[in-house]
$ cat my_file-v6.cif   # mmCIF, C-alpha atoms
data_entry
loop_
_atom_site.label_atom_id
_atom_site.label_comp_id
_atom_site.auth_asym_id
_atom_site.auth_seq_id
_atom_site.Cartn_x
_atom_site.Cartn_y
_atom_site.Cartn_z
CA MET A 1 4.77 -7.23 -18.45
CA LYS A 2 3.41 -3.69 -18.68
CA ILE A 3 3.08 -1.29 -15.74
CA ALA A 4 1.30 2.09 -16.00
CA ILE A 5 2.50 4.86 -13.66
CA ASP A 6 1.00 8.25 -12.83
CA ALA A 7 4.10 10.38 -13.40
CA MET A 8 2.53 13.53 -11.94
CA GLY A 9 1.39 12.16 -8.58
CA GLY A 10 3.36 12.78 -5.38
CA ASP A 11 5.44 15.47 -3.72
CA HIS A 12 8.50 14.86 -5.90
CA ALA A 13 6.80 14.26 -9.24
CA PRO A 14 7.70 13.87 -11.95
CA GLU A 15 11.46 13.60 -11.28
CA ALA A 16 11.36 10.92 -8.56
CA ILE A 17 8.69 8.95 -10.39
CA VAL A 18 10.56 8.93 -13.68
CA LYS A 19 13.92 8.10 -12.09
CA GLY A 20 12.37 5.15 -10.26
CA ALA A 21 10.83 3.94 -13.52
CA VAL A 22 14.11 4.31 -15.40
CA GLU A 23 15.92 2.29 -12.73
CA ALA A 24 13.22 -0.39 -12.86
CA VAL A 25 13.43 -0.99 -16.61
CA SER A 26 17.21 -1.10 -16.38
CA GLN A 27 17.04 -3.82 -13.71
CA MET A 28 13.94 -5.79 -14.78
CA GLU A 29 14.29 -7.08 -18.32
CA HIS A 30 10.69 -8.21 -18.78
CA VAL A 31 9.11 -4.94 -17.60
CA HIS A 32 7.72 -2.26 -19.92
CA ILE A 33 6.55 0.98 -18.28
CA THR A 34 4.09 3.61 -19.49
CA LEU A 35 4.47 6.99 -17.81
CA VAL A 36 1.34 9.15 -17.87
CA GLY A 37 1.75 12.91 -17.53
CA ASP A 38 3.24 16.07 -18.98
CA GLU A 39 5.70 14.91 -21.64
CA ASN A 40 7.70 18.17 -21.43
CA GLN A 41 8.36 17.57 -17.71
CA ILE A 42 8.98 13.83 -18.05
CA LYS A 43 11.41 13.71 -20.97
CA PRO A 44 14.30 15.68 -19.35
CA HIS A 45 14.69 12.85 -16.80
CA ILE A 46 14.95 10.08 -19.41
CA GLN A 47 18.21 9.28 -21.20
CA ASP A 48 17.28 5.85 -22.58
CA SER A 49 13.64 5.49 -23.65
CA SER A 50 13.76 1.76 -24.40
CA ARG A 51 10.82 -0.01 -22.75
CA LEU A 52 9.49 3.37 -21.58
CA ASP A 53 6.44 5.00 -23.19
CA ILE A 54 4.79 8.33 -22.42
CA ILE A 55 1.11 9.17 -22.60
CA HIS A 56 0.92 12.96 -22.64
CA THR A 57 -1.63 14.90 -20.61
CA ASN A 58 -1.60 18.28 -18.89
CA GLU A 59 -4.45 17.49 -16.52
CA VAL A 60 -3.56 16.51 -12.95
CA VAL A 61 -5.52 15.46 -9.87
CA THR A 62 -4.18 17.54 -7.01
CA ALA A 63 -4.03 16.75 -3.31
CA ASP A 64 -6.82 19.30 -2.73
CA ASP A 65 -9.27 17.76 -5.21
CA GLU A 66 -12.34 15.98 -3.87
CA PRO A 67 -11.62 12.35 -4.87
CA VAL A 68 -14.86 11.16 -6.49
CA ARG A 69 -15.52 14.48 -8.23
CA ALA A 70 -11.94 14.59 -9.55
CA VAL A 71 -12.17 11.10 -11.05
CA ARG A 72 -15.51 11.92 -12.71
CA ARG A 73 -14.59 15.37 -13.99
CA LYS A 74 -10.88 15.04 -14.72
CA LYS A 75 -11.12 12.11 -17.10
CA ASN A 76 -7.90 13.12 -18.87
CA SER A 77 -5.87 13.47 -15.68
CA SER A 78 -2.68 11.44 -15.34
CA LEU A 79 -4.18 9.41 -12.48
CA VAL A 80 -7.40 8.46 -14.29
CA LEU A 81 -5.61 7.68 -17.57
CA THR A 82 -3.19 5.46 -15.64
CA ALA A 83 -6.10 3.44 -14.23
CA LYS A 84 -7.68 3.34 -17.70
CA GLU A 85 -4.57 1.63 -19.08
CA VAL A 86 -5.28 -1.26 -16.72
CA LYS A 87 -9.02 -1.26 -17.34
CA GLU A 88 -8.50 -1.54 -21.11
CA ASN A 89 -5.83 -4.26 -20.73
CA ARG A 90 -2.92 -2.18 -22.03
CA ALA A 91 -1.22 -2.56 -18.63
CA ASP A 92 -1.12 -5.37 -16.07
CA ALA A 93 -0.90 -3.08 -13.03
CA CYS A 94 -0.81 0.61 -12.14
CA ILE A 95 0.92 2.83 -9.58
CA SER A 96 0.35 6.37 -8.29
CA ALA A 97 1.84 8.43 -5.49
CA GLY A 98 -0.93 11.02 -5.89
CA ASN A 99 -4.22 11.73 -4.15
CA THR A 100 -5.05 8.58 -2.15
CA GLY A 101 -8.81 9.05 -2.23
CA ALA A 102 -8.79 9.71 -5.96
CA LEU A 103 -6.75 6.56 -6.62
CA MET A 104 -9.18 4.52 -4.54
CA SER A 105 -12.08 6.04 -6.50
CA ALA A 106 -10.34 5.34 -9.81
CA GLY A 107 -9.70 1.80 -8.61
CA LEU A 108 -13.38 1.27 -7.89
CA PHE A 109 -14.95 3.16 -10.81
CA VAL A 110 -12.34 2.53 -13.52
CA VAL A 111 -10.45 -0.68 -12.69
CA GLY A 112 -13.36 -2.33 -10.86
CA ARG A 113 -13.63 -4.79 -7.97
CA ILE A 114 -13.11 -8.53 -7.83
CA GLN A 115 -16.47 -10.26 -7.86
CA GLY A 116 -17.25 -11.29 -4.30
CA ILE A 117 -15.18 -8.57 -2.64
CA ASP A 118 -17.50 -5.99 -1.10
CA ARG A 119 -14.88 -3.44 -0.12
CA PRO A 120 -11.25 -3.25 -1.25
CA ALA A 121 -8.63 -2.58 1.43
CA LEU A 122 -5.69 -0.19 1.41
CA SER A 123 -2.78 -2.22 2.73
CA PRO A 124 0.74 -0.95 3.45
CA THR A 125 3.60 -3.10 4.72
CA LEU A 126 5.11 -1.54 7.84
CA PRO A 127 8.46 -2.18 9.54
CA THR A 128 8.97 -4.32 12.63
CA THR A 129 11.83 -4.55 15.09
CA ASN A 130 12.87 -7.94 13.70
CA GLY A 131 13.11 -6.53 10.17
CA LYS A 132 10.37 -8.82 8.85
CA GLY A 133 7.61 -6.24 8.50
CA PHE A 134 3.86 -6.76 8.65
CA LEU A 135 0.85 -6.00 6.47
CA LEU A 136 -1.81 -3.70 7.94
CA LEU A 137 -5.26 -3.59 6.35
CA ASP A 138 -7.43 -1.61 6.05
CA VAL A 139 -5.85 1.82 6.63
CA GLY A 140 -8.56 4.01 5.19
CA ALA A 141 -10.24 2.68 2.08
CA ASN A 142 -13.36 2.09 4.21
CA VAL A 143 -13.99 3.96 7.43
CA ASP A 144 -16.78 1.55 8.37
CA ALA A 145 -16.60 -2.22 7.98
CA LYS A 146 -18.55 -5.33 8.83
CA ALA A 147 -17.17 -8.59 10.18
CA HIS A 148 -17.14 -10.35 6.81
CA ASN A 149 -15.11 -7.45 5.38
CA LEU A 150 -12.38 -8.12 7.94
CA VAL A 151 -12.41 -11.81 7.02
CA GLN A 152 -11.96 -10.87 3.36
CA TYR A 153 -9.08 -8.56 4.35
CA ALA A 154 -7.44 -11.46 6.18
CA ILE A 155 -7.76 -13.76 3.17
CA MET A 156 -6.44 -11.16 0.71
CA GLY A 157 -3.60 -10.21 3.04
CA SER A 158 -2.61 -13.84 3.56
CA ILE A 159 -2.49 -14.53 -0.17
CA TYR A 160 -0.38 -11.42 -0.81
CA THR A 161 1.98 -12.10 2.10
CA GLU A 162 2.56 -15.70 1.07
CA LYS A 163 2.95 -15.10 -2.66
CA VAL A 164 4.72 -11.72 -2.78
CA ARG A 165 6.51 -11.49 0.56
CA GLN A 166 7.33 -15.22 0.50
CA ILE A 167 6.21 -15.85 4.09
CA SER A 168 4.85 -19.38 4.42
CA ASN A 169 1.60 -19.80 6.35
CA PRO A 170 1.57 -16.15 7.54
CA THR A 171 -0.06 -15.35 10.86
CA VAL A 172 -3.15 -13.12 11.04
CA GLY A 173 -3.98 -10.98 14.05
CA LEU A 174 -7.10 -8.91 14.73
CA LEU A 175 -6.30 -5.42 16.05
CA ASN A 176 -8.08 -5.03 19.37
CA ILE A 177 -7.92 -3.45 22.83
CA GLY A 178 -6.82 -6.71 24.45
CA THR A 179 -5.57 -10.14 23.45
CA GLU A 180 -8.28 -12.14 25.21
CA GLU A 181 -11.18 -13.59 23.20
CA GLY A 182 -14.31 -11.61 23.95
CA LYS A 183 -12.52 -8.25 24.09
CA GLY A 184 -13.52 -5.31 21.94
CA ASN A 185 -16.63 -3.91 20.34
CA ASP A 186 -19.39 -5.71 18.46
CA LEU A 187 -17.43 -5.67 15.19
CA THR A 188 -14.27 -7.27 16.59
CA LYS A 189 -16.20 -9.86 18.61
CA LYS A 190 -18.09 -11.00 15.53
CA ALA A 191 -14.97 -10.87 13.35
CA TYR A 192 -13.04 -12.96 15.88
CA GLY A 193 -15.51 -15.81 15.62
CA HIS A 194 -15.54 -15.80 11.83
CA LEU A 195 -11.76 -15.48 11.52
CA LYS A 196 -11.40 -18.69 13.54
CA GLU A 197 -13.34 -20.46 10.79
CA ALA A 198 -11.65 -18.70 7.85
CA PRO A 199 -8.94 -20.33 5.67
CA VAL A 200 -6.17 -18.29 7.31
CA ASN A 201 -3.65 -18.80 10.11
CA PHE A 202 -5.56 -16.73 12.68
CA ILE A 203 -3.73 -16.30 15.99
CA GLY A 204 -6.29 -14.12 17.79
CA ASN A 205 -6.32 -10.52 18.95
CA VAL A 206 -3.23 -8.31 18.91
CA GLU A 207 -2.74 -4.98 20.64
CA ALA A 208 -1.42 -1.88 18.87
CA ARG A 209 1.62 -1.72 21.18
CA ASP A 210 2.78 -5.12 19.91
CA ILE A 211 2.35 -4.84 16.15
CA LEU A 212 5.75 -3.19 15.53
CA ALA A 213 7.35 -6.03 17.47
CA GLY A 214 6.03 -8.49 14.88
CA ALA A 215 3.00 -9.81 16.75
CA ALA A 216 1.52 -11.02 13.43
CA ASP A 217 2.45 -11.04 9.75
CA ILE A 218 -0.95 -9.57 8.88
CA VAL A 219 -3.01 -7.27 11.10
CA VAL A 220 -6.63 -6.67 10.12
CA THR A 221 -8.93 -3.88 11.28
CA ASP A 222 -11.50 -1.42 9.97
CA GLY A 223 -10.24 1.59 8.00
CA PHE A 224 -10.98 4.06 10.81
CA SER A 225 -8.85 2.28 13.40
CA GLY A 226 -6.25 1.29 10.80
CA ASN A 227 -5.74 4.85 9.62
CA ILE A 228 -5.33 6.09 13.19
CA ALA A 229 -2.80 3.33 13.88
CA LEU A 230 -0.88 4.14 10.69
CA LYS A 231 -0.79 7.89 11.33
CA THR A 232 0.23 7.31 14.96
CA ILE A 233 3.14 5.11 13.86
CA GLU A 234 4.27 7.63 11.24
CA GLY A 235 3.95 10.56 13.65
CA THR A 236 5.79 8.77 16.44
CA ALA A 237 8.68 7.87 14.15
CA MET A 238 9.01 11.43 12.86
CA THR A 239 8.82 12.87 16.37
CA MET A 240 11.44 10.47 17.73
CA PHE A 241 13.94 11.29 14.98
CA SER A 242 13.27 15.00 15.46
CA MET A 243 13.88 14.69 19.22
CA LEU A 244 17.06 12.68 18.63
CA LYS A 245 18.37 15.30 16.23
CA GLU A 246 17.55 18.11 18.64
CA THR A 247 19.29 16.27 21.50
CA PHE A 248 22.41 15.45 19.50
CA MET A 249 22.73 19.05 18.26
CA SER A 250 22.25 20.62 21.71
CA SER A 251 25.94 20.87 22.71
CA MET A 252 29.47 20.18 21.54
CA LYS A 253 29.56 16.99 23.63
CA THR A 254 26.40 15.60 22.05
CA LYS A 255 27.58 16.64 18.57
CA ILE A 256 30.72 14.56 19.07
CA ALA A 257 28.59 11.67 20.27
CA ALA A 258 26.37 12.07 17.20
CA GLY A 259 29.40 11.78 14.96
CA MET A 260 30.38 8.54 16.68
CA VAL A 261 26.97 6.89 16.18
CA LYS A 262 26.08 8.46 12.83
CA GLY A 263 26.33 5.15 10.99
CA ASP A 264 24.17 3.38 13.56
CA LEU A 265 21.51 6.09 13.36
CA LYS A 266 21.43 5.80 9.57
CA GLY A 267 20.98 2.06 9.94
CA LEU A 268 18.07 2.62 12.33
CA LYS A 269 16.44 5.11 9.96
CA SER A 270 16.85 2.69 7.07
CA LYS A 271 15.24 -0.07 9.12
CA LEU A 272 12.17 2.13 9.59
CA ASP A 273 12.12 3.37 5.98
CA TYR A 274 8.72 2.86 4.34
CA SER A 275 10.33 2.98 0.87
CA GLU A 276 11.94 -0.42 1.34
CA TYR A 277 8.49 -2.05 1.35
CA GLY A 278 7.12 -0.38 -1.78
CA GLY A 279 3.62 1.05 -1.61
CA ALA A 280 0.21 0.18 -0.22
CA GLY A 281 -1.71 -2.34 -2.29
CA LEU A 282 -5.39 -1.74 -2.99
CA PHE A 283 -6.46 -5.35 -2.51
CA GLY A 284 -9.78 -6.47 -3.88
CA LEU A 285 -9.57 -4.77 -7.28
CA ALA A 286 -9.67 -6.59 -10.61
CA SER A 287 -5.98 -5.80 -11.26
CA PRO A 288 -3.05 -4.78 -9.03
CA VAL A 289 -3.20 -1.11 -8.01
CA ILE A 290 -0.40 0.28 -5.84
CA LYS A 291 -0.59 3.52 -3.85
CA ALA A 292 2.96 4.79 -3.35
CA HIS A 293 3.61 7.17 -0.45
CA GLY A 294 3.06 10.84 -1.34
CA SER A 295 6.65 11.69 -0.40
CA SER A 296 8.11 8.76 -2.36
CA ASN A 297 11.64 9.13 -3.69
CA SER A 298 12.95 7.21 -6.69
CA ARG A 299 13.87 4.25 -4.47
CA ALA A 300 10.31 3.99 -3.16
CA ILE A 301 8.92 4.10 -6.70
CA TYR A 302 11.36 1.39 -7.80
CA ASN A 303 10.20 -0.82 -4.93
CA ALA A 304 6.54 -0.11 -5.72
CA ILE A 305 7.19 -1.24 -9.30
CA GLN A 306 8.90 -4.37 -8.02
CA GLN A 307 5.92 -4.97 -5.74
CA ALA A 308 3.49 -4.66 -8.68
CA VAL A 309 5.64 -7.03 -10.76
CA HIS A 310 5.58 -9.64 -8.01
CA MET A 311 1.81 -9.33 -7.71
CA VAL A 312 1.38 -9.91 -11.45
CA ASP A 313 3.97 -12.70 -11.66
CA ASN A 314 2.37 -14.55 -8.76
CA ASP A 315 -1.21 -13.96 -9.94
CA VAL A 316 -2.24 -12.49 -6.59
CA THR A 317 -5.48 -11.08 -8.03
CA GLY A 318 -6.42 -14.41 -9.62
CA THR A 319 -5.75 -16.33 -6.41
CA ILE A 320 -7.79 -13.86 -4.35
CA THR A 321 -10.63 -14.16 -6.87
CA SER A 322 -10.75 -17.95 -6.84
CA THR A 323 -10.37 -18.15 -3.05
CA VAL A 324 -13.07 -15.60 -2.27
CA GLN A 325 -15.52 -17.04 -4.77
CA SER A 326 -15.11 -20.53 -3.31
CA ILE A 327 -16.40 -19.38 0.08
CA ASN A 328 -20.09 -19.20 0.92
CA TRP A 329 -20.26 -15.92 2.80
CA ASP A 330 -22.95 -15.79 5.45
CA LYS A 331 -23.07 -12.01 5.45
CA GLY A 332 -26.32 -11.77 7.33
CA GLU A 333 -24.65 -13.01 10.49
CA ASN A 334 -21.77 -10.57 10.01
CA GLU A 335 -23.84 -7.40 9.97
#
$ encode --input "my_file-v6.cif" --output "structure tokens"
Amino acid sequence: MKIAIDAMGGDHAPEAIVKGAVEAVSQMEHVHITLVGDENQIKPHIQDSSRLDIIHTNEVVTADDEPVRAVRRKKNSSLVLTAKEVKENRADACISAGNTGALMSAGLFVVGRIQGIDRPALSPTLPTTNGKGFLLLDVGANVDAKAHNLVQYAIMGSIYTEKVRQISNPTVGLLNIGTEEGKGNDLTKKAYGHLKEAPVNFIGNVEARDILAGAADIVVTDGFSGNIALKTIEGTAMTMFSMLKETFMSSMKTKIAAGMVKGDLKGLKSKLDYSEYGGAGLFGLASPVIKAHGSSNSRAIYNAIQQAVHMVDNDVTGTITSTVQSINWDKGENE
């Protein structure tokens, strides 16, 4: 199996990217990785180059680049060349921790969509209090969505959760302002009715306050609401840890207390660590595309690689394709 990785994307590139790739090939015997980026910056972090190739380029898509323009104008950038490896069948999947919008654009314009999927969804797996985690989609690939898009998200998320996360008959919840049927805006009301008829284990509406408690294995929403939910969760976690640190460092008494619970706090932080779940899948594309977090360390990159491997091994894209194409979408009613 071949995985292409944008070695220059992310806050800690290329070191963290390369180290994660090196660890992956050392642990996964059937994986071959192609690193795309500046060879002079990549090579110092590689001791054993077996099953590791480098495609050299000096061009990089930065965080400040306008996504669509960058993909069209920077055709030799590490991100675009990574997607091209998949498009031209030299790689089975690709990963980048770089510019999210640019990766989504490269996914659409270079890799291409699955026939029958109108809009791909950006889908991270987030932690829950029970340690199980849940899949949230969409978190920003599409700011606007129609009811049939949410149904497609639910189907794609269910296939991924069952095949990759090994959760049998995963539950699907619709993010809403209340759990009762009939709550919400026009989009959620229409989506609710169609999700009841979809080939998924739909359990109804779920509220944002309950999703971290494991209210559903998959939570579907439009990209606008999903991105707000995601950023709120990330911001709350960072603020809570900052407040805890400030409190524990405020006096000698609290410093002693901090020393006594240091191990427990590390365990809590690990439980909430995004890197343990890999990256966010761009579901609905013709091949697996993984968006790793911009601040990914080598562990997060390793897990993103493992995630991509599982998607390829379990033919997630093929199953989504056959499932979606077997459904007669009545999109007119979902407008």
$ atom_distance --input "my_file-v6.cif" --atom1 "CA of Met8 in chain A" --atom2 "CA of Ala280 in chain A"
17.9 Å
$ closest_residue --input "my_file-v6.cif" --among "A:Ile327, A:Met311, A:Ala24, A:Met243" --to "Phe283 in chain A" --atoms "only C-alpha atoms"
A:Met311
$ atom_distance --input "my_file-v6.cif" --atom1 "CA of Lys84 in chain A" --atom2 "CA of Asp64 in chain A"
21.9 Å
$ atom_distance --input "my_file-v6.cif" --atom1 "CA of Ser225 in chain A" --atom2 "CA of Ala198 in chain A"
21.9 Å
$ closest_residue --input "my_file-v6.cif" --among "A:Arg299, A:His148, A:Lys43, A:Arg51" --to "Gly116 in chain A" --atoms "all atoms listed in the file"
A:His148
$ residues_near_point --input "my_file-v6.cif" --point "(-6.9, -5.8, 9.7)" --cutoff "10 Å" --atoms "all atoms listed in the file" --output "PyMOL selection string"
chain A and resi 121+123+135-139+149-154+157+172-176+218-223+225-226
$ write_last_selection --input "my_file-v6.cif" --atoms "C-alpha atoms" --output "compact mmCIF listing (two decimals), in the frame of the given file"
# COMPACT_ATOMS: atom_id res chain seq x y z
CA ALA A 121 -8.63 -2.58 1.43
CA SER A 123 -2.78 -2.22 2.73
CA LEU A 135 0.85 -6.00 6.47
CA LEU A 136 -1.81 -3.70 7.94
CA LEU A 137 -5.26 -3.59 6.35
CA ASP A 138 -7.43 -1.61 6.05
CA VAL A 139 -5.85 1.82 6.63
CA ASN A 149 -15.11 -7.45 5.38
CA LEU A 150 -12.38 -8.12 7.94
CA VAL A 151 -12.41 -11.81 7.02
CA GLN A 152 -11.96 -10.87 3.36
CA TYR A 153 -9.08 -8.56 4.35
CA ALA A 154 -7.44 -11.46 6.18
CA GLY A 157 -3.60 -10.21 3.04
CA VAL A 172 -3.15 -13.12 11.04
CA GLY A 173 -3.98 -10.98 14.05
CA LEU A 174 -7.10 -8.91 14.73
CA LEU A 175 -6.30 -5.42 16.05
CA ASN A 176 -8.08 -5.03 19.37
CA ILE A 218 -0.95 -9.57 8.88
CA VAL A 219 -3.01 -7.27 11.10
CA VAL A 220 -6.63 -6.67 10.12
CA THR A 221 -8.93 -3.88 11.28
CA ASP A 222 -11.50 -1.42 9.97
CA GLY A 223 -10.24 1.59 8.00
CA SER A 225 -8.85 2.28 13.40
CA GLY A 226 -6.25 1.29 10.80
$ closest_residue --input "my_file-v6.cif" --among "A:Gly107, A:Gly259, A:Gly9, A:Gly281" --to "Lys245 in chain A" --atoms "only C-alpha atoms"
A:Gly259
$ closest_residue --input "my_file-v6.cif" --among "A:Ala213, A:Met260, A:Ile159, A:Ile301" --to "Val316 in chain A" --atoms "only C-alpha atoms"
A:Ile159
$ closest_residue --input "my_file-v6.cif" --among "A:Ser322, A:Lys262, A:Leu35, A:Lys2" --to "Val18 in chain A" --atoms "all atoms listed in the file"
A:Leu35
$ resolve_selection --input "my_file-v6.cif" --expression "the PyMOL selection byres ((chain A and resi 143) around 6)" --output "PyMOL selection string"
chain A and resi 140+142+144+223-224
$ resolve_selection --input "my_file-v6.cif" --expression "the PyMOL selection byres ((chain A and resi 91-106) around 6)" --output "PyMOL selection string"
chain A and resi 2-6+9-10+63+67-68+85-86+89-90+107-110+288-294
$ resolve_selection --input "my_file-v6.cif" --expression "the PyMOL selection byres ((chain A and resi 161-164) around 12)" --output "VMD selection string"
chain A and resid 123 to 125 132 to 137 153 to 160 165 to 172 200 to 201 216 to 219 277 to 278 281 283 306 to 320
$ closest_residue --input "my_file-v6.cif" --among "A:Ile211, A:Ala13, A:Val206, A:Ala147" --to "His194 in chain A" --atoms "only C-alpha atoms"
A:Ala147
$ residues_around --input "my_file-v6.cif" --residues "Ala286 in chain A" --least-positions-apart "5" --cutoff "9 Å" --atoms "all atoms listed in the file" --output "PyMOL selection string"
chain A and resi 87+107+111-115+317-318+321
$ residues_around --input "my_file-v6.cif" --residues "Gly193 in chain A" --least-positions-apart "2" --cutoff "10 Å" --atoms "all atoms listed in the file" --output "ChimeraX atom specification"
/A:147,151,181-182,188-191,195-198,204,334
$ axis_aligned_box --input "my_file-v6.cif" --around "range 287-298 of chain A" --padding-each-side "5 Å" --output "lines of an AutoDock Vina configuration file"
center_x = 3.5
center_y = 2.9
center_z = -5.8
size_x = 28.9
size_y = 27.5
size_z = 20.9
$ decode --input "my_file-v6.cif" --residues "range 68-84 of chain A" --atoms "N, CA and C atoms" --output "CSV table (one decimal), in the first residue's frame"
chain,number,residue,atom,x,y,z
A,68,VAL,N,-8.4,28.1,-3.4
A,68,VAL,CA,-8.6,27.7,-4.8
A,68,VAL,C,-7.5,28.3,-5.7
A,69,ARG,N,-7.1,29.6,-5.4
A,69,ARG,CA,-6.1,30.2,-6.2
A,69,ARG,C,-4.8,29.5,-6.0
A,70,ALA,N,-4.5,29.1,-4.8
A,70,ALA,CA,-3.2,28.4,-4.5
A,70,ALA,C,-3.1,27.0,-5.3
A,71,VAL,N,-4.2,26.3,-5.3
A,71,VAL,CA,-4.2,25.0,-6.0
A,71,VAL,C,-4.1,25.2,-7.5
A,72,ARG,N,-4.7,26.2,-8.0
A,72,ARG,CA,-4.6,26.5,-9.5
A,72,ARG,C,-3.2,27.0,-9.9
A,73,ARG,N,-2.6,27.9,-9.0
A,73,ARG,CA,-1.4,28.5,-9.4
A,73,ARG,C,-0.1,27.8,-8.9
A,74,LYS,N,-0.2,27.2,-7.8
A,74,LYS,CA,0.9,26.5,-7.3
A,74,LYS,C,0.8,25.0,-7.6
A,75,LYS,N,0.9,24.7,-8.8
A,75,LYS,CA,0.7,23.3,-9.3
A,75,LYS,C,1.9,22.4,-8.9
A,76,ASN,N,3.0,23.0,-8.5
A,76,ASN,CA,4.2,22.2,-8.1
A,76,ASN,C,4.4,22.3,-6.6
A,77,SER,N,3.4,22.7,-5.9
A,77,SER,CA,3.5,22.8,-4.4
A,77,SER,C,3.4,21.4,-3.8
A,78,SER,N,3.9,21.2,-2.6
A,78,SER,CA,3.9,19.9,-2.0
A,78,SER,C,2.5,19.3,-1.8
A,79,LEU,N,1.6,20.2,-1.5
A,79,LEU,CA,0.2,19.8,-1.3
A,79,LEU,C,-0.5,19.3,-2.6
A,80,VAL,N,-0.3,20.0,-3.6
A,80,VAL,CA,-1.0,19.7,-4.9
A,80,VAL,C,-0.3,18.4,-5.5
A,81,LEU,N,1.0,18.3,-5.4
A,81,LEU,CA,1.7,17.1,-5.9
A,81,LEU,C,1.3,15.9,-5.1
A,82,THR,N,1.1,16.1,-3.8
A,82,THR,CA,0.6,14.9,-3.0
A,82,THR,C,-0.7,14.4,-3.5
A,83,ALA,N,-1.7,15.3,-3.7
A,83,ALA,CA,-3.0,14.9,-4.3
A,83,ALA,C,-2.8,14.3,-5.6
A,84,LYS,N,-1.9,14.8,-6.4
A,84,LYS,CA,-1.7,14.3,-7.8
A,84,LYS,C,-1.2,12.8,-7.8
